[in-house]
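Step one of this worksheet: look at the structure below.
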Amino acid sequence: MSVSKFTLWKDRSLRFVMGSAPTISGALFGIVRNKWLATHLHASGLGVLAQTTSAQAWLGSLANMGLGLPVAHAVGAAKGSGDDAAARRTVWTAFSLTSLGSLFVATLGLTFAGPISKALLGSPEHALLVRVAALGATGIAFQGVLYGVFAGRSDLRANLTLPLVGGIVSVAATLALVPRWGLAGGAVGLAVLAPAGIAGVLLLHRRSYARTLTPVPKPPLDLALARSILGVGAAALVLTLVDLGTMLAVRSNYLSVHGVAANGLLQAALALSQQVGTLFYAYLSNYAFGKVSGAGGVAEIRVYTRRHWRPIMLLAAPIFALAMVASTPLLHLLYSDRFDPARALMAWTLWGEFCRVGMNAWAVGALPTGGAKLWLPIGVSPAIGLALSYAFLSHANLGTLSLPLAYGGAGLFSLCFGGIAMSRAGVTLTKQDVGVVLGCALALAALARWVSG
């Protein structure tokens, strides 16, 4: 290998590791937190917390209004032109909008906690958990804005600090509160993760962000700018809410049919699969998206997509295969031996996640290529695939495998739909590249079938 190629791959590897570091740190904290929750609350308790945590994420996304993406774009443009005042206007306008959204979400959750608990868990007895989740959602909303600021400044250090500090506080709260308060302690431990991370990153990086955050513009809310960023944010919000809402709906049905213990096993399978996928999503969003956004048209985006496609998929395939084979020790490490039945579920959720990685790697240039008209349909395709797959498979007498298989079907649907849409927009892959992903997908499907018995 030439020196230039070695340097290129070394730089790519470093960026991949740095971009994935927040995911890795979150996984490490998750090992401790999930092990403690599984030991004290068992699968049934974990199933209850999985529903309220999903609701917390959904409400946080609603309060955030999809502002992370337009904030990243605006802050990046302001940084490029050296306009600190423009960056401050963007940040404080986003904070102002998020404050309004958070007030609405908190009021909604606190007022209707009983009915929400009944809709999610079949009983109003967990209303307290819903109230805690509603308050925790406000932290998630502001966290989304800050991640947009970090991305606009290409700041991987702050991007890592937030989950590190939040993870430490969250684990400490979980360890202290769960033995005393049970489910409520677990809910509090999860709810403080984002607020603690925000406080930590603003304290530790206050000098780096002094010119971005101070002085506060007067007024903080720029109405013209708000209309501009909400236009892009609305599309991102729709995508996030549809994705989370669809998963929440199908899991509510899954819980009502198979019980909270089965939902706890499903949560373990999904969490581990999504952690593996996030390693690649972090690289695509923190680095690759910025590269294609600066490309000079469809031809350059196509060249870049082809250049990174095969290395990503050839790296992803053995990592997902290893996760399938090692699912039992992973479940023991992260949870307990009571979660052994999740092995079969995890095999198929990993396969679906692999397909999603392929879709995201192909469609990373969707927004700069075709705008929201191309990006939004591709982004919402996993949710559509999940709804269609589960509607069919839930009546196929598959038992607890119905939703994991539907998740796999959703991944395949999104890969096919995204690939067709990107090809029609001019971002095509070579026949060899398509052959690589098909071969990998078939091999992983055969492995998933073997692992699931």
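The chains in the structure tokens are called A, B, ... from first to last as shown; in each chain the residues are counted from 1, and the ligands are counted from 1 in the order shown.
With only C-alpha atoms taken into account, the protein and nucleic acid residues at most 7 Å from region 326-338 of chain A (excluding it and anything under 4 positions from it in its own chain) are Ile31, Asn34, Lys35, Ala38, Leu322 and Arg343 of chain A.
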Using only C-alpha atoms, what does the table of region 378-453 of chain A residues within 8 Å of region 236-247 of chain A look like, with each row giving the shortest atom pair and its distance in Å to one decimal, sorted by chain and ascending number, as a tab-separated table?
```
residue	atom	partner	partner_atom	distance
A:Gly379	CA	A:Leu239	CA	6.3
A:Val380	CA	A:Leu239	CA	5.6
A:Pro382	CA	A:Asp243	CA	7.3
A:Ala383	CA	A:Asp243	CA	5.0
A:Leu386	CA	A:Thr246	CA	7.6
A:Ala387	CA	A:Thr246	CA	6.8
```
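As for CA of Ala172 (chain A) and CA of Leu204 (chain A), they are spaced 19.6 Å apart.
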### Message
as a ChimeraX atom specification, please: the residues near Leu135 (chain A) (cut-off 8 Å, only C-alpha atoms, same-chain neighbours under 5 positions excluded).
### Response
/A:106,109,191
For the selection you just gave me, I'd like the residues written to a file as a PDB file, in the first residue's frame, keeping N, CA and C atoms.
```
ATOM      1  N   ALA A 106     -43.991  19.079  28.407  1.00  0.00           N
ATOM      2  CA  ALA A 106     -44.055  18.816  29.850  1.00  0.00           C
ATOM      3  C   ALA A 106     -45.480  18.950  30.365  1.00  0.00           C
ATOM      4  N   GLY A 109     -47.462  15.853  29.171  1.00  0.00           N
ATOM      5  CA  GLY A 109     -47.149  14.639  29.902  1.00  0.00           C
ATOM      6  C   GLY A 109     -47.627  14.659  31.342  1.00  0.00           C
ATOM      7  N   ALA A 191     -33.952   9.577  32.922  1.00  0.00           N
ATOM      8  CA  ALA A 191     -34.398  10.943  32.622  1.00  0.00           C
ATOM      9  C   ALA A 191     -33.306  11.978  32.854  1.00  0.00           C
TER      10      ALA A 191
END
```
### Query
Please, what distance in Å, to one decimal, runs between CA of Ala194 (chain A) and CA of Ser61 (chain A)?
12.8 Å
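Using only C-alpha atoms for every distance, the candidate list A:Ala119, A:Pro195, A:Gly167, A:His205 yields A:His205 as the residue closest to Asp155 (chain A).
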For region 46-60 of chain A, list every protein, DNA or RNA residue within 7 Å, evaluated using only C-alpha atoms, and leave out those in the same chain fewer than 5 positions away; present the list as a PDB file with all heavy atoms, in the first residue's frame.
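Final output, saved to result-v3.pdb:
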```pdb
ATOM      1  N   LEU A  37     -30.494  -2.810  36.052  1.00  0.00           N
ATOM      2  CA  LEU A  37     -31.949  -2.850  35.859  1.00  0.00           C
ATOM      3  C   LEU A  37     -32.445  -4.275  35.692  1.00  0.00           C
ATOM      4  O   LEU A  37     -33.473  -4.659  36.260  1.00  0.00           O
ATOM      5  CB  LEU A  37     -32.327  -2.026  34.622  1.00  0.00           C
ATOM      6  CG  LEU A  37     -32.141  -0.505  34.722  1.00  0.00           C
ATOM      7  CD1 LEU A  37     -32.382   0.146  33.363  1.00  0.00           C
ATOM      8  CD2 LEU A  37     -33.077   0.092  35.761  1.00  0.00           C
ATOM      9  N   ALA A  38     -31.706  -5.074  34.904  1.00  0.00           N
ATOM     10  CA  ALA A  38     -32.130  -6.458  34.680  1.00  0.00           C
ATOM     11  C   ALA A  38     -32.077  -7.270  35.969  1.00  0.00           C
ATOM     12  O   ALA A  38     -32.935  -8.121  36.217  1.00  0.00           O
ATOM     13  CB  ALA A  38     -31.244  -7.104  33.619  1.00  0.00           C
ATOM     14  N   LEU A  41     -35.042  -5.487  38.279  1.00  0.00           N
ATOM     15  CA  LEU A  41     -36.401  -5.349  37.737  1.00  0.00           C
ATOM     16  C   LEU A  41     -36.810  -6.525  36.853  1.00  0.00           C
ATOM     17  O   LEU A  41     -37.991  -6.667  36.539  1.00  0.00           O
ATOM     18  CB  LEU A  41     -36.509  -4.048  36.932  1.00  0.00           C
ATOM     19  CG  LEU A  41     -36.152  -2.767  37.689  1.00  0.00           C
ATOM     20  CD1 LEU A  41     -36.280  -1.554  36.764  1.00  0.00           C
ATOM     21  CD2 LEU A  41     -37.054  -2.590  38.907  1.00  0.00           C
ATOM     22  N   VAL A 105     -44.685  20.051  25.862  1.00  0.00           N
ATOM     23  CA  VAL A 105     -44.544  18.610  26.081  1.00  0.00           C
ATOM     24  C   VAL A 105     -44.645  18.274  27.565  1.00  0.00           C
ATOM     25  O   VAL A 105     -45.305  17.296  27.959  1.00  0.00           O
ATOM     26  CB  VAL A 105     -43.202  18.126  25.493  1.00  0.00           C
ATOM     27  CG1 VAL A 105     -42.805  16.779  26.078  1.00  0.00           C
ATOM     28  CG2 VAL A 105     -43.296  18.026  23.982  1.00  0.00           C
ATOM     29  N   LEU A 120     -49.927   3.138  26.591  1.00  0.00           N
ATOM     30  CA  LEU A 120     -48.632   2.497  26.369  1.00  0.00           C
ATOM     31  C   LEU A 120     -48.520   1.140  27.045  1.00  0.00           C
ATOM     32  O   LEU A 120     -47.909   0.216  26.505  1.00  0.00           O
ATOM     33  CB  LEU A 120     -47.508   3.398  26.889  1.00  0.00           C
ATOM     34  CG  LEU A 120     -47.264   4.718  26.167  1.00  0.00           C
ATOM     35  CD1 LEU A 120     -46.156   5.491  26.867  1.00  0.00           C
ATOM     36  CD2 LEU A 120     -46.899   4.479  24.709  1.00  0.00           C
ATOM     37  N   LEU A 129     -44.267   7.173  36.057  1.00  0.00           N
ATOM     38  CA  LEU A 129     -43.171   6.977  35.105  1.00  0.00           C
ATOM     39  C   LEU A 129     -43.346   7.874  33.884  1.00  0.00           C
ATOM     40  O   LEU A 129     -42.361   8.399  33.329  1.00  0.00           O
ATOM     41  CB  LEU A 129     -43.106   5.515  34.663  1.00  0.00           C
ATOM     42  CG  LEU A 129     -42.972   4.452  35.760  1.00  0.00           C
ATOM     43  CD1 LEU A 129     -42.802   3.076  35.147  1.00  0.00           C
ATOM     44  CD2 LEU A 129     -41.801   4.775  36.674  1.00  0.00           C
ATOM     45  N   VAL A 130     -44.582   8.074  33.463  1.00  0.00           N
ATOM     46  CA  VAL A 130     -44.852   8.948  32.327  1.00  0.00           C
ATOM     47  C   VAL A 130     -44.500  10.394  32.676  1.00  0.00           C
ATOM     48  O   VAL A 130     -43.935  11.133  31.852  1.00  0.00           O
ATOM     49  CB  VAL A 130     -46.327   8.833  31.887  1.00  0.00           C
ATOM     50  CG1 VAL A 130     -46.659   9.856  30.799  1.00  0.00           C
ATOM     51  CG2 VAL A 130     -46.624   7.423  31.398  1.00  0.00           C
ATOM     52  N   ALA A 133     -40.819  10.757  32.551  1.00  0.00           N
ATOM     53  CA  ALA A 133     -40.384  10.749  31.153  1.00  0.00           C
ATOM     54  C   ALA A 133     -40.666  12.085  30.474  1.00  0.00           C
ATOM     55  O   ALA A 133     -39.862  12.565  29.660  1.00  0.00           O
ATOM     56  CB  ALA A 133     -41.081   9.620  30.396  1.00  0.00           C
ATOM     57  N   ALA A 134     -41.796  12.710  30.807  1.00  0.00           N
ATOM     58  CA  ALA A 134     -42.136  14.001  30.199  1.00  0.00           C
ATOM     59  C   ALA A 134     -41.127  15.075  30.604  1.00  0.00           C
ATOM     60  O   ALA A 134     -40.738  15.921  29.783  1.00  0.00           O
ATOM     61  CB  ALA A 134     -43.552  14.419  30.617  1.00  0.00           C
ATOM     62  N   GLY A 136     -38.006  14.396  31.572  1.00  0.00           N
ATOM     63  CA  GLY A 136     -36.754  14.009  30.929  1.00  0.00           C
ATOM     64  C   GLY A 136     -36.712  14.368  29.460  1.00  0.00           C
ATOM     65  O   GLY A 136     -35.645  14.634  28.896  1.00  0.00           O
ATOM     66  N   ALA A 137     -37.888  14.410  28.820  1.00  0.00           N
ATOM     67  CA  ALA A 137     -37.953  14.747  27.398  1.00  0.00           C
ATOM     68  C   ALA A 137     -37.480  16.167  27.128  1.00  0.00           C
ATOM     69  O   ALA A 137     -36.950  16.458  26.047  1.00  0.00           O
ATOM     70  CB  ALA A 137     -39.390  14.576  26.893  1.00  0.00           C
ATOM     71  N   THR A 138     -37.643  17.062  28.083  1.00  0.00           N
ATOM     72  CA  THR A 138     -37.176  18.436  27.873  1.00  0.00           C
ATOM     73  C   THR A 138     -35.655  18.475  27.734  1.00  0.00           C
ATOM     74  O   THR A 138     -35.107  19.267  26.957  1.00  0.00           O
ATOM     75  CB  THR A 138     -37.621  19.344  29.033  1.00  0.00           C
ATOM     76  OG1 THR A 138     -37.025  18.884  30.263  1.00  0.00           O
ATOM     77  CG2 THR A 138     -39.135  19.316  29.195  1.00  0.00           C
ATOM     78  N   ILE A 140     -33.826  16.032  26.489  1.00  0.00           N
ATOM     79  CA  ILE A 140     -33.535  15.489  25.163  1.00  0.00           C
ATOM     80  C   ILE A 140     -33.716  16.558  24.094  1.00  0.00           C
ATOM     81  O   ILE A 140     -32.953  16.636  23.120  1.00  0.00           O
ATOM     82  CB  ILE A 140     -34.444  14.277  24.884  1.00  0.00           C
ATOM     83  CG1 ILE A 140     -34.077  13.120  25.818  1.00  0.00           C
ATOM     84  CG2 ILE A 140     -34.353  13.836  23.436  1.00  0.00           C
ATOM     85  CD1 ILE A 140     -34.975  11.918  25.691  1.00  0.00           C
ATOM     86  N   ALA A 141     -34.718  17.415  24.264  1.00  0.00           N
ATOM     87  CA  ALA A 141     -34.981  18.473  23.286  1.00  0.00           C
ATOM     88  C   ALA A 141     -33.797  19.433  23.176  1.00  0.00           C
ATOM     89  O   ALA A 141     -33.328  19.761  22.075  1.00  0.00           O
ATOM     90  CB  ALA A 141     -36.250  19.227  23.674  1.00  0.00           C
ATOM     91  N   ALA A 187     -36.589   5.036  36.012  1.00  0.00           N
ATOM     92  CA  ALA A 187     -37.067   6.128  35.154  1.00  0.00           C
ATOM     93  C   ALA A 187     -36.293   7.414  35.421  1.00  0.00           C
ATOM     94  O   ALA A 187     -35.927   8.141  34.486  1.00  0.00           O
ATOM     95  CB  ALA A 187     -38.560   6.352  35.378  1.00  0.00           C
ATOM     96  N   LEU A 241     -40.677  11.707  14.304  1.00  0.00           N
ATOM     97  CA  LEU A 241     -41.917  11.346  14.988  1.00  0.00           C
ATOM     98  C   LEU A 241     -42.581  10.136  14.354  1.00  0.00           C
ATOM     99  O   LEU A 241     -43.130   9.273  15.056  1.00  0.00           O
ATOM    100  CB  LEU A 241     -42.877  12.539  14.992  1.00  0.00           C
ATOM    101  CG  LEU A 241     -42.446  13.757  15.811  1.00  0.00           C
ATOM    102  CD1 LEU A 241     -43.523  14.828  15.777  1.00  0.00           C
ATOM    103  CD2 LEU A 241     -42.130  13.369  17.252  1.00  0.00           C
ATOM    104  N   LEU A 244     -40.305   7.031  15.429  1.00  0.00           N
ATOM    105  CA  LEU A 244     -40.508   6.659  16.827  1.00  0.00           C
ATOM    106  C   LEU A 244     -41.958   6.277  17.108  1.00  0.00           C
ATOM    107  O   LEU A 244     -42.235   5.340  17.865  1.00  0.00           O
ATOM    108  CB  LEU A 244     -40.090   7.817  17.743  1.00  0.00           C
ATOM    109  CG  LEU A 244     -38.592   8.139  17.788  1.00  0.00           C
ATOM    110  CD1 LEU A 244     -38.359   9.390  18.625  1.00  0.00           C
ATOM    111  CD2 LEU A 244     -37.804   6.971  18.354  1.00  0.00           C
ATOM    112  N   GLY A 245     -42.883   7.017  16.506  1.00  0.00           N
ATOM    113  CA  GLY A 245     -44.298   6.732  16.737  1.00  0.00           C
ATOM    114  C   GLY A 245     -44.710   5.371  16.204  1.00  0.00           C
ATOM    115  O   GLY A 245     -45.492   4.655  16.848  1.00  0.00           O
ATOM    116  N   LEU A 248     -43.337   2.771  18.546  1.00  0.00           N
ATOM    117  CA  LEU A 248     -44.100   2.794  19.789  1.00  0.00           C
ATOM    118  C   LEU A 248     -45.446   2.095  19.610  1.00  0.00           C
ATOM    119  O   LEU A 248     -45.889   1.329  20.479  1.00  0.00           O
ATOM    120  CB  LEU A 248     -44.304   4.241  20.235  1.00  0.00           C
ATOM    121  CG  LEU A 248     -44.717   4.495  21.691  1.00  0.00           C
ATOM    122  CD1 LEU A 248     -43.697   3.912  22.659  1.00  0.00           C
ATOM    123  CD2 LEU A 248     -44.867   5.997  21.925  1.00  0.00           C
ATOM    124  N   VAL A 260     -45.375  -8.023  29.076  1.00  0.00           N
ATOM    125  CA  VAL A 260     -44.269  -7.108  29.330  1.00  0.00           C
ATOM    126  C   VAL A 260     -42.929  -7.835  29.356  1.00  0.00           C
ATOM    127  O   VAL A 260     -41.895  -7.259  29.018  1.00  0.00           O
ATOM    128  CB  VAL A 260     -44.476  -6.333  30.650  1.00  0.00           C
ATOM    129  CG1 VAL A 260     -45.621  -5.351  30.534  1.00  0.00           C
ATOM    130  CG2 VAL A 260     -44.699  -7.291  31.823  1.00  0.00           C
ATOM    131  N   ALA A 261     -42.900  -9.111  29.764  1.00  0.00           N
ATOM    132  CA  ALA A 261     -41.638  -9.845  29.790  1.00  0.00           C
ATOM    133  C   ALA A 261     -41.078 -10.010  28.375  1.00  0.00           C
ATOM    134  O   ALA A 261     -39.882  -9.817  28.136  1.00  0.00           O
ATOM    135  CB  ALA A 261     -41.823 -11.203  30.448  1.00  0.00           C
ATOM    136  N   ASN A 263     -41.707  -8.063  25.905  1.00  0.00           N
ATOM    137  CA  ASN A 263     -41.281  -6.734  25.475  1.00  0.00           C
ATOM    138  C   ASN A 263     -39.913  -6.380  26.050  1.00  0.00           C
ATOM    139  O   ASN A 263     -39.115  -5.687  25.416  1.00  0.00           O
ATOM    140  CB  ASN A 263     -42.319  -5.689  25.899  1.00  0.00           C
ATOM    141  CG  ASN A 263     -42.129  -4.371  25.180  1.00  0.00           C
ATOM    142  OD1 ASN A 263     -41.982  -4.329  23.962  1.00  0.00           O
ATOM    143  ND2 ASN A 263     -42.123  -3.276  25.924  1.00  0.00           N
ATOM    144  N   GLY A 264     -39.626  -6.860  27.253  1.00  0.00           N
ATOM    145  CA  GLY A 264     -38.304  -6.650  27.830  1.00  0.00           C
ATOM    146  C   GLY A 264     -37.224  -7.377  27.051  1.00  0.00           C
ATOM    147  O   GLY A 264     -36.126  -6.841  26.825  1.00  0.00           O
ATOM    148  N   GLN A 267     -36.682  -5.467  23.916  1.00  0.00           N
ATOM    149  CA  GLN A 267     -35.898  -4.259  24.179  1.00  0.00           C
ATOM    150  C   GLN A 267     -34.407  -4.580  24.202  1.00  0.00           C
ATOM    151  O   GLN A 267     -33.597  -3.827  23.648  1.00  0.00           O
ATOM    152  CB  GLN A 267     -36.317  -3.647  25.518  1.00  0.00           C
ATOM    153  CG  GLN A 267     -35.420  -2.505  25.998  1.00  0.00           C
ATOM    154  CD  GLN A 267     -35.423  -1.320  25.054  1.00  0.00           C
ATOM    155  OE1 GLN A 267     -36.341  -1.158  24.255  1.00  0.00           O
ATOM    156  NE2 GLN A 267     -34.392  -0.494  25.142  1.00  0.00           N
TER     157      GLN A 267
END
```
### Message
When you count only C-alpha atoms, which of these residues is closest to Leu203 (chain A): A:Ala158, A:Val171, A:Ile229, A:Ala151?
### Response
A:Ala158
Close residues, region 114-116 of chain A itself excluded, 9 Å, only C-alpha atoms, min 5 positions apart in chain, as a compact mmCIF listing (two decimals) with N, CA and C atoms, in the first residue's frame:
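Printed below is selection00.txt as written:
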```
# COMPACT_ATOMS: atom_id res chain seq x y z
N GLY A 109 -47.46 15.85 29.17
CA GLY A 109 -47.15 14.64 29.90
C GLY A 109 -47.63 14.66 31.34
N LEU A 121 -49.10 1.02 28.24
CA LEU A 121 -48.85 -0.16 29.07
C LEU A 121 -50.12 -0.89 29.49
N SER A 123 -52.44 0.10 31.43
CA SER A 123 -52.89 0.40 32.79
C SER A 123 -52.42 1.81 33.17
N PRO A 124 -53.24 2.56 33.92
CA PRO A 124 -52.82 3.91 34.35
C PRO A 124 -51.92 3.90 35.58
N GLU A 125 -51.57 2.71 36.10
CA GLU A 125 -50.81 2.64 37.35
C GLU A 125 -49.38 3.15 37.21
N HIS A 126 -48.88 3.28 35.98
CA HIS A 126 -47.51 3.76 35.77
C HIS A 126 -47.49 5.23 35.36
N ALA A 127 -48.47 5.99 35.78
CA ALA A 127 -48.55 7.41 35.42
C ALA A 127 -47.32 8.17 35.92
N LEU A 128 -46.79 7.78 37.08
CA LEU A 128 -45.60 8.47 37.62
C LEU A 128 -44.43 8.35 36.65
N VAL A 130 -44.58 8.07 33.46
CA VAL A 130 -44.85 8.95 32.33
C VAL A 130 -44.50 10.39 32.68
```
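A straight line drawn from CA of Gly68 (chain A) to CA of Ala299 (chain A) is 27.5 Å long.
Nearest-residue note for Phe413 (chain A): choosing from A:Pro179, A:Gly358, A:Gly399, A:Gly101, the minimum distance belongs to A:Gly358, counting only C-alpha atoms.
Residues in contact with Ala361 (chain A) at up to 7 Å, not including ones fewer than 4 positions away on its chain and judged by only C-alpha atoms, are Leu284, Trp309 and Val357 of chain A.
Using only C-alpha atoms, the nearest neighbour of Pro404 (chain A) within the list A:Arg88, A:His308, A:Arg251, A:Arg153 is A:Arg251.
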### Message
Among region 119-233 of chain A, which residues does DSSP mark as alpha helix (DSSP H) when it is run on the backbone? Keep the chain and numbering as in the structure and answer as a PyMOL selection string.
### Response
chain A and resi 119-121+127-152+156-181+183-191+193-204+210-213+223-233
